[in-house]
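The structure appears right after this line, and notes come after that.
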Amino acid sequence: MDNKLSSYFCRICGHKQSEAPWGTDGRTPTFDYCPCCGVEFGYQDCNLKAVRAFRENWLKKGAVWSEPEKLIKPWNLAEQLKNIPYEFK
Ligand SMILES: [Zn+2]
């Protein structure tokens, strides 16, 4: 996966966003919220340590969608997690 494409996926949960959460340059966060894991881009996903802590906590709580009305079924968590940009795994 090239960098331009991977920039559209949430660093926490791998959900594909309509806009690149950190901009296509990876340095301009939108400060939007991921409808899946609920992270605020540019805040709790600002570094690897924060990303891992947020993800662990989200998974521990059952990987609940923050905005369940945006969930498109069938949904496969394991498949989605594969989309996490490799530098944030
Ligand atoms: Zn997410």
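Note on naming: chains are A, B, ... as they come in the structure tokens, residues start from 1 per chain, ligands start from 1 in the order shown.
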May I ask you to write as an MDAnalysis selection string all residues lying at most 7 Å from ligand 1, with only C-alpha atoms and all ligand atoms counted? chainID A and resid 10:15 34:39
Notebook entry, point to check: Neighbours of Thr30 (chain A) within 7 Å (only C-alpha atoms; same-chain residues fewer than 2 positions away dropped), as a list in words?
Noted result: Pro21, Trp22, Thr28, Asp32, Phe41 and Gly42 of chain A
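Taking CA of Leu5 (chain A) and CA of Glu19 (chain A) as the two end points, the separation is 10.8 Å.
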* **DSSP-assigned strand (DSSP E or B) among chain A, expressed as a ChimeraX atom specification** => /A:9,16,33,40
*Determine which residues of chain A receive a DSSP assignment of helix (DSSP H, G or I), computed from the backbone, and state them as number ranges by chain.*
A: 3-6, 48-60, 68-70, 77-81, 86-88
Just want the 9 Å neighbourhood of Phe88 (chain A), counted on only C-alpha atoms, with same-chain residues fewer than 6 positions away dropped. Output as an mmCIF file with N, CA and C atoms, in the first residue's frame.
data_model
loop_
_atom_site.group_PDB
_atom_site.id
_atom_site.type_symbol
_atom_site.label_atom_id
_atom_site.label_comp_id
_atom_site.auth_asym_id
_atom_site.auth_seq_id
_atom_site.Cartn_x
_atom_site.Cartn_y
_atom_site.Cartn_z
ATOM 1 N N ARG A 11 -5.409 5.624 12.010
ATOM 2 C CA ARG A 11 -4.199 5.038 12.613
ATOM 3 C C ARG A 11 -4.545 4.099 13.760
ATOM 4 N N ILE A 12 -5.713 4.280 14.330
ATOM 5 C CA ILE A 12 -6.127 3.458 15.461
ATOM 6 C C ILE A 12 -6.771 2.157 14.990
ATOM 7 N N ASN A 47 1.061 10.172 18.156
ATOM 8 C CA ASN A 47 2.307 9.408 18.098
ATOM 9 C C ASN A 47 2.005 7.928 18.342
ATOM 10 N N LEU A 48 3.004 7.106 18.098
ATOM 11 C CA LEU A 48 2.808 5.658 18.149
ATOM 12 C C LEU A 48 2.336 5.196 19.522
ATOM 13 N N LYS A 49 2.891 5.761 20.559
ATOM 14 C CA LYS A 49 2.529 5.365 21.923
ATOM 15 C C LYS A 49 1.044 5.677 22.184
ATOM 16 N N VAL A 51 -1.283 6.117 19.927
ATOM 17 C CA VAL A 51 -2.087 5.282 19.030
ATOM 18 C C VAL A 51 -2.308 3.900 19.648
ATOM 19 N N ARG A 52 -1.240 3.308 20.122
ATOM 20 C CA ARG A 52 -1.344 1.952 20.678
ATOM 21 C C ARG A 52 -2.186 1.933 21.944
#
Would you compute the distance between CA of Ser6 (chain A) and CA of Ala20 (chain A)? Give it in Å to one decimal.
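Computing the Euclidean distance for CA of Ser6 (chain A) and CA of Ala20 (chain A) yields 8.7 Å.
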- Pairwise distance for CA of Tyr86 (chain A) and CA of Asp25 (chain A), rounded to one decimal in Å: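 Calculated distance between CA of Tyr86 (chain A) and CA of Asp25 (chain A) is 16.2 Å.
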